[in-house]
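Here's work.pdb, which has PDB, C-alpha atoms, pLDDT in the B column:
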ATOM      1  CA  MET A   1     -20.177  14.363 -42.471  1.00 87.00           C
ATOM      2  CA  HIS A   2     -20.399  17.363 -44.773  1.00 94.00           C
ATOM      3  CA  TYR A   3     -18.187  17.926 -47.834  1.00 98.00           C
ATOM      4  CA  TRP A   4     -18.086  20.257 -50.805  1.00 98.00           C
ATOM      5  CA  VAL A   5     -15.894  21.028 -53.811  1.00 98.00           C
ATOM      6  CA  GLY A   6     -16.307  23.519 -56.631  1.00 98.00           C
ATOM      7  CA  SER A   7     -15.420  27.073 -57.526  1.00 98.00           C
ATOM      8  CA  PHE A   8     -16.299  30.680 -56.830  1.00 98.00           C
ATOM      9  CA  CYS A   9     -17.520  32.512 -59.932  1.00 97.00           C
ATOM     10  CA  ARG A  10     -15.645  35.641 -60.945  1.00 95.00           C
ATOM     11  CA  VAL A  11     -15.095  38.209 -63.696  1.00 93.00           C
ATOM     12  CA  LEU A  12     -11.565  38.958 -64.842  1.00 85.00           C
ATOM     13  CA  ASP A  13     -10.690  42.614 -64.318  1.00 79.00           C
ATOM     14  CA  LYS A  14      -7.973  43.179 -66.917  1.00 73.00           C
ATOM     15  CA  LYS A  15      -6.968  46.556 -65.458  1.00 73.00           C
ATOM     16  CA  GLN A  16      -6.310  45.089 -62.020  1.00 72.00           C
ATOM     17  CA  GLY A  17      -5.194  41.733 -63.365  1.00 73.00           C
ATOM     18  CA  ALA A  18      -7.447  39.939 -60.904  1.00 85.00           C
ATOM     19  CA  ALA A  19     -10.653  37.896 -60.895  1.00 89.00           C
ATOM     20  CA  LEU A  20     -13.301  39.824 -58.936  1.00 92.00           C
ATOM     21  CA  PHE A  21     -16.935  39.465 -57.926  1.00 94.00           C
ATOM     22  CA  PRO A  22     -18.798  42.505 -59.277  1.00 92.00           C
ATOM     23  CA  ALA A  23     -20.340  45.097 -56.959  1.00 93.00           C
ATOM     24  CA  GLY A  24     -24.101  45.564 -56.778  1.00 93.00           C
ATOM     25  CA  VAL A  25     -25.124  42.066 -57.899  1.00 96.00           C
ATOM     26  CA  THR A  26     -28.744  41.175 -57.089  1.00 96.00           C
ATOM     27  CA  ALA A  27     -29.247  38.008 -59.168  1.00 97.00           C
ATOM     28  CA  ILE A  28     -27.417  34.907 -60.405  1.00 98.00           C
ATOM     29  CA  SER A  29     -28.251  32.145 -62.858  1.00 98.00           C
ATOM     30  CA  ASP A  30     -26.952  29.071 -64.650  1.00 98.00           C
ATOM     31  CA  ILE A  31     -28.101  26.195 -66.840  1.00 98.00           C
ATOM     32  CA  ILE A  32     -27.642  22.653 -65.571  1.00 98.00           C
ATOM     33  CA  LYS A  33     -28.099  19.700 -67.926  1.00 98.00           C
ATOM     34  CA  ILE A  34     -28.598  16.214 -66.492  1.00 98.00           C
ATOM     35  CA  ALA A  35     -26.425  14.340 -68.968  1.00 98.00           C
ATOM     36  CA  ALA A  36     -26.572  10.786 -67.579  1.00 98.00           C
ATOM     37  CA  ASP A  37     -27.756   8.719 -64.615  1.00 97.00           C
ATOM     38  CA  ILE A  38     -24.775   6.631 -63.493  1.00 97.00           C
ATOM     39  CA  GLY A  39     -26.504   4.892 -60.579  1.00 96.00           C
ATOM     40  CA  ASN A  40     -27.398   5.672 -56.995  1.00 97.00           C
ATOM     41  CA  GLN A  41     -24.575   4.967 -54.520  1.00 96.00           C
ATOM     42  CA  ILE A  42     -25.768   7.457 -51.904  1.00 97.00           C
ATOM     43  CA  PRO A  43     -25.548   5.966 -48.387  1.00 97.00           C
ATOM     44  CA  ASP A  44     -28.657   5.450 -46.276  1.00 97.00           C
ATOM     45  CA  LYS A  45     -30.287   8.660 -44.969  1.00 97.00           C
ATOM     46  CA  SER A  46     -27.836  10.776 -46.998  1.00 98.00           C
ATOM     47  CA  TRP A  47     -28.092  13.184 -49.909  1.00 98.00           C
ATOM     48  CA  MET A  48     -26.005  15.239 -52.350  1.00 98.00           C
ATOM     49  CA  LEU A  49     -26.509  18.591 -54.054  1.00 98.00           C
ATOM     50  CA  TYR A  50     -25.595  20.172 -57.388  1.00 98.00           C
ATOM     51  CA  LEU A  51     -25.243  23.771 -56.270  1.00 98.00           C
ATOM     52  CA  LEU A  52     -26.252  27.188 -57.503  1.00 98.00           C
ATOM     53  CA  GLU A  53     -25.391  29.355 -54.506  1.00 98.00           C
ATOM     54  CA  LEU A  54     -25.343  33.085 -53.831  1.00 98.00           C
ATOM     55  CA  PHE A  55     -23.900  34.691 -50.702  1.00 98.00           C
ATOM     56  CA  SER A  56     -25.065  38.091 -49.489  1.00 96.00           C
ATOM     57  CA  THR A  57     -22.624  40.698 -48.199  1.00 95.00           C
ATOM     58  CA  ARG A  58     -23.414  39.352 -44.717  1.00 94.00           C
ATOM     59  CA  ASN A  59     -22.493  35.845 -45.938  1.00 95.00           C
ATOM     60  CA  ILE A  60     -26.066  34.502 -45.884  1.00 97.00           C
ATOM     61  CA  PRO A  61     -26.321  31.599 -48.369  1.00 98.00           C
ATOM     62  CA  ILE A  62     -29.177  31.491 -50.905  1.00 98.00           C
ATOM     63  CA  GLU A  63     -29.411  28.327 -53.002  1.00 98.00           C
ATOM     64  CA  LEU A  64     -31.394  26.677 -55.792  1.00 98.00           C
ATOM     65  CA  ASN A  65     -30.046  23.137 -55.862  1.00 98.00           C
ATOM     66  CA  LEU A  66     -30.637  19.847 -57.620  1.00 98.00           C
ATOM     67  CA  ILE A  67     -30.831  17.347 -54.758  1.00 98.00           C
ATOM     68  CA  CYS A  68     -30.374  13.565 -55.010  1.00 98.00           C
ATOM     69  CA  GLN A  69     -31.278  11.321 -52.073  1.00 97.00           C
ATOM     70  CA  PHE A  70     -30.527   7.772 -50.946  1.00 97.00           C
ATOM     71  CA  ASP A  71     -34.149   6.774 -51.641  1.00 97.00           C
ATOM     72  CA  ASN A  72     -34.109   8.018 -55.275  1.00 95.00           C
ATOM     73  CA  GLN A  73     -36.216  11.079 -54.474  1.00 94.00           C
ATOM     74  CA  ASP A  74     -34.569  13.663 -56.727  1.00 97.00           C
ATOM     75  CA  TYR A  75     -35.850  17.239 -56.937  1.00 98.00           C
ATOM     76  CA  PHE A  76     -34.959  20.931 -57.058  1.00 98.00           C
ATOM     77  CA  GLU A  77     -35.053  22.837 -53.771  1.00 98.00           C
ATOM     78  CA  ALA A  78     -35.035  26.528 -52.810  1.00 98.00           C
ATOM     79  CA  ILE A  79     -32.877  27.087 -49.710  1.00 98.00           C
ATOM     80  CA  PHE A  80     -32.320  30.202 -47.607  1.00 97.00           C
ATOM     81  CA  GLN A  81     -29.871  30.475 -44.714  1.00 96.00           C
ATOM     82  CA  GLY A  82     -29.330  26.699 -44.739  1.00 95.00           C
ATOM     83  CA  VAL A  83     -33.042  25.888 -44.390  1.00 96.00           C
ATOM     84  CA  ASN A  84     -35.134  24.186 -47.087  1.00 97.00           C
ATOM     85  CA  ARG A  85     -37.936  26.590 -48.026  1.00 98.00           C
ATOM     86  CA  TYR A  86     -39.615  25.037 -51.061  1.00 98.00           C
ATOM     87  CA  ARG A  87     -39.451  21.838 -53.083  1.00 98.00           C
ATOM     88  CA  PHE A  88     -40.278  22.363 -56.750  1.00 98.00           C
ATOM     89  CA  LYS A  89     -43.204  20.128 -57.676  1.00 97.00           C
ATOM     90  CA  LYS A  90     -44.012  20.986 -61.297  1.00 97.00           C
ATOM     91  CA  VAL A  91     -40.486  21.028 -62.739  1.00 98.00           C
ATOM     92  CA  LEU A  92     -38.720  17.769 -61.935  1.00 98.00           C
ATOM     93  CA  PRO A  93     -35.271  16.421 -62.896  1.00 98.00           C
ATOM     94  CA  VAL A  94     -35.235  14.311 -66.075  1.00 98.00           C
ATOM     95  CA  VAL A  95     -32.150  12.806 -67.720  1.00 98.00           C
ATOM     96  CA  GLY A  96     -31.338  14.642 -70.937  1.00 98.00           C
ATOM     97  CA  HIS A  97     -33.122  17.848 -69.958  1.00 98.00           C
ATOM     98  CA  SER A  98     -31.507  21.224 -69.249  1.00 98.00           C
ATOM     99  CA  TYR A  99     -32.759  23.604 -66.557  1.00 98.00           C
ATOM    100  CA  ARG A 100     -32.318  27.342 -66.205  1.00 98.00           C
ATOM    101  CA  ARG A 101     -31.926  28.258 -62.519  1.00 98.00           C
ATOM    102  CA  ILE A 102     -32.318  31.873 -61.400  1.00 98.00           C
ATOM    103  CA  ILE A 103     -32.095  33.510 -57.965  1.00 98.00           C
ATOM    104  CA  VAL A 104     -33.183  37.151 -57.655  1.00 96.00           C
ATOM    105  CA  MET A 105     -32.999  39.359 -54.562  1.00 95.00           C
ATOM    106  CA  ASN A 106     -35.691  42.023 -54.796  1.00 92.00           C
ATOM    107  CA  LYS A 107     -35.387  44.779 -52.206  1.00 91.00           C
ATOM    108  CA  ARG A 108     -38.471  46.628 -53.428  1.00 89.00           C
ATOM    109  CA  ASN A 109     -40.703  43.600 -52.867  1.00 90.00           C
ATOM    110  CA  LYS A 110     -38.696  42.360 -49.859  1.00 94.00           C
ATOM    111  CA  GLN A 111     -38.375  38.883 -51.267  1.00 96.00           C
ATOM    112  CA  ILE A 112     -36.125  36.396 -52.978  1.00 97.00           C
ATOM    113  CA  ARG A 113     -37.406  34.811 -56.170  1.00 97.00           C
ATOM    114  CA  TYR A 114     -36.298  31.307 -57.134  1.00 98.00           C
ATOM    115  CA  ALA A 115     -37.152  30.509 -60.768  1.00 98.00           C
ATOM    116  CA  LEU A 116     -36.710  27.185 -62.562  1.00 98.00           C
ATOM    117  CA  THR A 117     -37.376  26.430 -66.231  1.00 98.00           C
ATOM    118  CA  ASP A 118     -37.125  23.121 -68.078  1.00 98.00           C
ATOM    119  CA  GLN A 119     -35.506  24.140 -71.364  1.00 97.00           C
ATOM    120  CA  ALA A 120     -36.876  21.066 -73.147  1.00 97.00           C
ATOM    121  CA  THR A 121     -40.533  21.481 -72.202  1.00 97.00           C
ATOM    122  CA  THR A 122     -40.501  25.254 -71.446  1.00 97.00           C
ATOM    123  CA  HIS A 123     -42.361  24.482 -68.204  1.00 97.00           C
ATOM    124  CA  SER A 124     -41.494  26.980 -65.473  1.00 98.00           C
ATOM    125  CA  GLU A 125     -42.010  27.177 -61.733  1.00 98.00           C
ATOM    126  CA  THR A 126     -41.353  30.110 -59.403  1.00 98.00           C
ATOM    127  CA  PHE A 127     -41.150  30.442 -55.629  1.00 98.00           C
ATOM    128  CA  ASP A 128     -41.124  33.843 -53.908  1.00 98.00           C
ATOM    129  CA  PHE A 129     -39.682  33.785 -50.398  1.00 98.00           C
ATOM    130  CA  SER A 130     -40.760  36.760 -48.291  1.00 97.00           C
ATOM    131  CA  LEU A 131     -38.148  38.577 -46.214  1.00 96.00           C
ATOM    132  CA  ASP A 132     -40.627  41.111 -44.856  1.00 91.00           C
ATOM    133  CA  GLY A 133     -39.519  42.124 -41.366  1.00 88.00           C
ATOM    134  CA  MET A 134     -36.027  40.671 -41.822  1.00 91.00           C
ATOM    135  CA  ASP A 135     -32.910  42.851 -41.817  1.00 92.00           C
ATOM    136  CA  PHE A 136     -31.391  41.772 -45.125  1.00 95.00           C
ATOM    137  CA  ASP A 137     -28.972  43.617 -47.426  1.00 93.00           C
ATOM    138  CA  TYR A 138     -30.160  42.391 -50.887  1.00 94.00           C
ATOM    139  CA  VAL A 139     -26.638  42.607 -52.335  1.00 95.00           C
ATOM    140  CA  GLY A 140     -24.570  39.652 -53.513  1.00 96.00           C
ATOM    141  CA  ALA A 141     -20.930  39.216 -52.529  1.00 97.00           C
ATOM    142  CA  ASN A 142     -20.100  35.732 -53.843  1.00 97.00           C
ATOM    143  CA  GLN A 143     -21.368  32.966 -56.114  1.00 98.00           C
ATOM    144  CA  PHE A 144     -20.477  29.283 -55.847  1.00 98.00           C
ATOM    145  CA  THR A 145     -20.879  26.419 -58.295  1.00 98.00           C
ATOM    146  CA  GLY A 146     -20.089  22.798 -57.479  1.00 98.00           C
ATOM    147  CA  ILE A 147     -21.071  19.705 -55.504  1.00 98.00           C
ATOM    148  CA  GLU A 148     -21.978  19.160 -51.852  1.00 98.00           C
ATOM    149  CA  TRP A 149     -22.309  15.876 -49.956  1.00 98.00           C
ATOM    150  CA  TRP A 150     -24.084  15.028 -46.713  1.00 98.00           C
ATOM    151  CA  ASN A 151     -23.086  11.565 -45.486  1.00 97.00           C
ATOM    152  CA  LYS A 152     -24.941  10.332 -42.409  1.00 96.00           C
ATOM    153  CA  MET A 153     -23.290   6.892 -42.472  1.00 95.00           C
ATOM    154  CA  GLY A 154     -19.560   7.541 -42.915  1.00 94.00           C
ATOM    155  CA  ASN A 155     -16.677   9.977 -43.197  1.00 95.00           C
ATOM    156  CA  PHE A 156     -16.311  10.150 -46.984  1.00 95.00           C
ATOM    157  CA  PRO A 157     -17.864  11.772 -50.064  1.00 97.00           C
ATOM    158  CA  TYR A 158     -19.483   9.147 -52.282  1.00 97.00           C
ATOM    159  CA  SER A 159     -19.991   8.735 -56.021  1.00 97.00           C
ATOM    160  CA  ILE A 160     -22.267  11.204 -57.784  1.00 97.00           C
ATOM    161  CA  LYS A 161     -25.603  10.054 -59.185  1.00 98.00           C
ATOM    162  CA  TYR A 162     -25.710  12.226 -62.303  1.00 98.00           C
ATOM    163  CA  ASN A 163     -23.178  13.395 -64.815  1.00 98.00           C
ATOM    164  CA  VAL A 164     -24.124  17.017 -65.416  1.00 98.00           C
ATOM    165  CA  GLU A 165     -23.123  19.910 -67.632  1.00 98.00           C
ATOM    166  CA  VAL A 166     -23.131  23.429 -66.160  1.00 98.00           C
ATOM    167  CA  SER A 167     -23.209  26.454 -68.462  1.00 97.00           C
ATOM    168  CA  GLN A 168     -24.408  30.059 -68.664  1.00 97.00           C
ATOM    169  CA  LEU A 169     -22.938  30.967 -65.256  1.00 97.00           C
ATOM    170  CA  MET A 170     -24.017  34.590 -64.902  1.00 97.00           C
ATOM    171  CA  PHE A 171     -24.685  37.415 -62.455  1.00 97.00           C
ATOM    172  CA  GLY A 172     -27.384  40.060 -62.801  1.00 96.00           C
ATOM    173  CA  PHE A 173     -28.520  43.550 -61.901  1.00 93.00           C
ATOM    174  CA  LEU A 174     -32.107  44.657 -61.305  1.00 84.00           C
ATOM    175  CA  ASP A 175     -33.428  47.525 -63.382  1.00 79.00           C
ATOM    176  CA  LYS A 176     -34.066  50.386 -60.949  1.00 74.00           C
ATOM    177  CA  ASP A 177     -37.236  51.383 -62.812  1.00 73.00           C
ATOM    178  CA  ASP A 178     -38.538  47.877 -63.488  1.00 73.00           C
ATOM    179  CA  PRO A 179     -38.068  45.289 -60.680  1.00 66.00           C
ATOM    180  CA  GLU A 180     -39.075  42.506 -63.076  1.00 73.00           C
ATOM    181  CA  SER A 181     -36.254  43.305 -65.507  1.00 86.00           C
ATOM    182  CA  ILE A 182     -32.758  41.879 -64.970  1.00 92.00           C
ATOM    183  CA  THR A 183     -29.593  42.373 -66.982  1.00 93.00           C
ATOM    184  CA  PHE A 184     -27.378  39.276 -66.839  1.00 95.00           C
ATOM    185  CA  VAL A 185     -23.623  39.319 -67.487  1.00 95.00           C
ATOM    186  CA  PRO A 186     -21.401  36.218 -67.898  1.00 95.00           C
ATOM    187  CA  HIS A 187     -18.742  35.029 -65.492  1.00 95.00           C
ATOM    188  CA  ASN A 188     -15.474  34.159 -67.196  1.00 93.00           C
ATOM    189  CA  SER A 189     -13.301  32.967 -64.314  1.00 94.00           C
ATOM    190  CA  LEU A 190     -13.508  30.245 -61.674  1.00 96.00           C
ATOM    191  CA  ILE A 191     -11.553  30.134 -58.406  1.00 96.00           C
ATOM    192  CA  PRO A 192     -11.315  26.662 -56.761  1.00 97.00           C
ATOM    193  CA  ASN A 193     -12.774  26.114 -53.305  1.00 97.00           C
ATOM    194  CA  ASN A 194     -13.482  23.116 -51.064  1.00 97.00           C
ATOM    195  CA  ASP A 195     -14.135  22.136 -47.445  1.00 96.00           C
ATOM    196  CA  ASN A 196     -10.395  21.904 -46.612  1.00 94.00           C
ATOM    197  CA  SER A 197     -10.766  18.337 -45.323  1.00 94.00           C
ATOM    198  CA  GLY A 198      -7.654  17.261 -47.212  1.00 92.00           C
ATOM    199  CA  ILE A 199      -9.417  14.333 -48.874  1.00 94.00           C
ATOM    200  CA  SER A 200      -9.981  13.525 -52.543  1.00 96.00           C
ATOM    201  CA  TYR A 201     -13.434  13.717 -54.104  1.00 97.00           C
ATOM    202  CA  PRO A 202     -14.828  10.968 -56.392  1.00 98.00           C
ATOM    203  CA  ILE A 203     -15.580  13.345 -59.263  1.00 97.00           C
ATOM    204  CA  SER A 204     -13.776  15.129 -62.065  1.00 97.00           C
ATOM    205  CA  PHE A 205     -14.419  18.501 -63.669  1.00 98.00           C
ATOM    206  CA  GLU A 206     -14.197  18.117 -67.437  1.00 97.00           C
ATOM    207  CA  ASN A 207     -14.743  20.123 -70.631  1.00 96.00           C
ATOM    208  CA  VAL A 208     -13.927  23.435 -68.950  1.00 96.00           C
ATOM    209  CA  MET A 209     -14.224  26.003 -71.739  1.00 94.00           C
ATOM    210  CA  PRO A 210     -15.907  29.230 -72.813  1.00 92.00           C
ATOM    211  CA  ARG A 211     -19.343  29.005 -74.391  1.00 90.00           C
ATOM    212  CA  ASP A 212     -21.361  32.082 -75.346  1.00 85.00           C
ATOM    213  CA  SER A 213     -18.805  34.183 -73.431  1.00 88.00           C
ATOM    214  CA  CYS A 214     -19.490  32.178 -70.242  1.00 91.00           C
ATOM    215  CA  VAL A 215     -17.257  29.578 -68.662  1.00 94.00           C
ATOM    216  CA  CYS A 216     -18.845  26.114 -68.623  1.00 96.00           C
ATOM    217  CA  TYR A 217     -17.868  22.655 -67.354  1.00 98.00           C
ATOM    218  CA  SER A 218     -19.120  19.124 -66.780  1.00 98.00           C
ATOM    219  CA  VAL A 219     -19.102  16.936 -63.667  1.00 98.00           C
ATOM    220  CA  GLU A 220     -18.256  13.258 -64.130  1.00 98.00           C
ATOM    221  CA  SER A 221     -16.983  10.356 -62.062  1.00 97.00           C
ATOM    222  CA  GLY A 222     -13.282  10.526 -61.342  1.00 97.00           C
ATOM    223  CA  ASN A 223     -10.920  11.851 -58.705  1.00 96.00           C
ATOM    224  CA  CYS A 224     -10.004  15.415 -57.746  1.00 96.00           C
ATOM    225  CA  ILE A 225      -8.700  17.296 -54.738  1.00 95.00           C
ATOM    226  CA  THR A 226      -9.871  20.786 -55.643  1.00 95.00           C
ATOM    227  CA  GLY A 227     -12.338  22.681 -57.787  1.00 96.00           C
ATOM    228  CA  ILE A 228     -11.796  24.398 -61.114  1.00 95.00           C
ATOM    229  CA  HIS A 229      -9.270  27.148 -61.664  1.00 94.00           C
ATOM    230  CA  TYR A 230     -10.075  28.849 -64.950  1.00 93.00           C
ATOM    231  CA  SER A 231      -9.739  32.251 -66.566  1.00 86.00           C
ATOM    232  CA  MET A 232     -10.607  33.242 -70.120  1.00 76.00           C
TER     233      MET A 232
END

Please, can you express the file's structure as C-alpha cells?
Amino acid sequence: MHYWVGSFCRVLDKKQGAALFPAGVTAISDIIKIAADIGNQIPDKSWMLYLLELFSTRNIPIELNLICQFDNQDYFEAIFQGVNRYRFKKVLPVVGHSYRRIIVMNKRNKQIRYALTDQATTHSETFDFSLDGMDFDYVGANQFTGIEWWNKMGNFPYSIKYNVEVSQLMFGFLDKDDPESITFVPHNSLIPNNDNSGISYPISFENVMPRDSCVCYSVESGNCITGIHYSM
C-alpha cells in the first residue's frame, strides 16, 4: 500500500489574503538534516521517502528524495514522473549532517538538474536528466514537503527511521540571461495534504516556526492525521 502525509508549500499573498504558489517557478530547494536514527522498522521489501517534490503545470512529479529501505540501504534518489532516474553515490545520508537539495528545470538546456550538497563536508553531486525530445512545460505549479510510505507487506504506514529537520523551503526563478543563475525566495505558508485514506500516521510534525524568513519543521515519532497548516 501507498501512503503520504505532508504539506504543499505556499507564499502568503497579503493583498488577496490567500496562500498561493507563485507563477513562473522553475526551481525549488530545501535543507534536510538527519537529526537521529531511531531504528529500522520498515517491513520486508518496503521503503519510505522524505520528500522534496515539484509538480509541473501538467502535474508531472519531479523529486529528490531521501529513501530508507527495509534492508538498511539508505540513499538520495532523483525521480522523474514516478521513475527512479539516478541514485546519488558520492553524497550519502549520515546522521547529524544537513543536505541542501535543489531541483532546477532548465528549458534552454532541455534538462532537469538535481543537485545535492552535504553542508558538513561541502561535498556536492549533480545529476542532469535530459528531456530532449519530450514535450515538457518547464514551469512549476506545486511543491510538496513530507513523508511517503510504500508497504509491500501490509495496509499501514510504519514508523519512520530518521528524525529529520526540514528548513530553507524555497522556490526559484532562472535568470533569463544566465541559465546557471537562480534567485530563490522563501515559502512562508504550508497547506496540509495527505492520501485521504482516513488513517493516522505514526509521525508528528514539531517545531514549526519561521527561520531566516522560511517556514521550517521537524519530523518525529508520534501520531497525526494530517500535515502542517502554517502561515507566517

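The result of the PyMOL selection byres ((chain A and resi 128) around 10) on the shown file is Ala78, Arg85, Tyr86, Ile103, Val104, Met105, Asn106, Asn109, Lys110, Gln111, Ile112, Arg113, Tyr114, Ala115, Thr126, Phe127, Phe129, Ser130 and Leu131 of chain A.
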
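In this structure, CA of Pro210 in chain A sits 28.0 Å away from CA of Thr57 in chain A.
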
### Two-atom distance - CA of Trp149 in chain A, CA of Glu63 in chain A (Å)
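Separation of CA of Trp149 in chain A and CA of Glu63 in chain A: 14.7 Å.
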
#### Entry: Residues within 7 Å of range 176-192 of chain A, only C-alpha atoms, excluding chain neighbours under 5 positions, as JSON, numbers by chain
{"A": [6, 7, 8, 9, 10, 11, 12, 19, 168, 169, 170, 171, 213, 214, 215, 226, 227, 228, 229, 230, 231, 232]}

### Selection result for the PyMOL selection byres ((chain A and resi 47) around 12) on this file, as a PyMOL selection string
chain A and resi 1-3+40-46+48-50+65-75+147-153+157-161
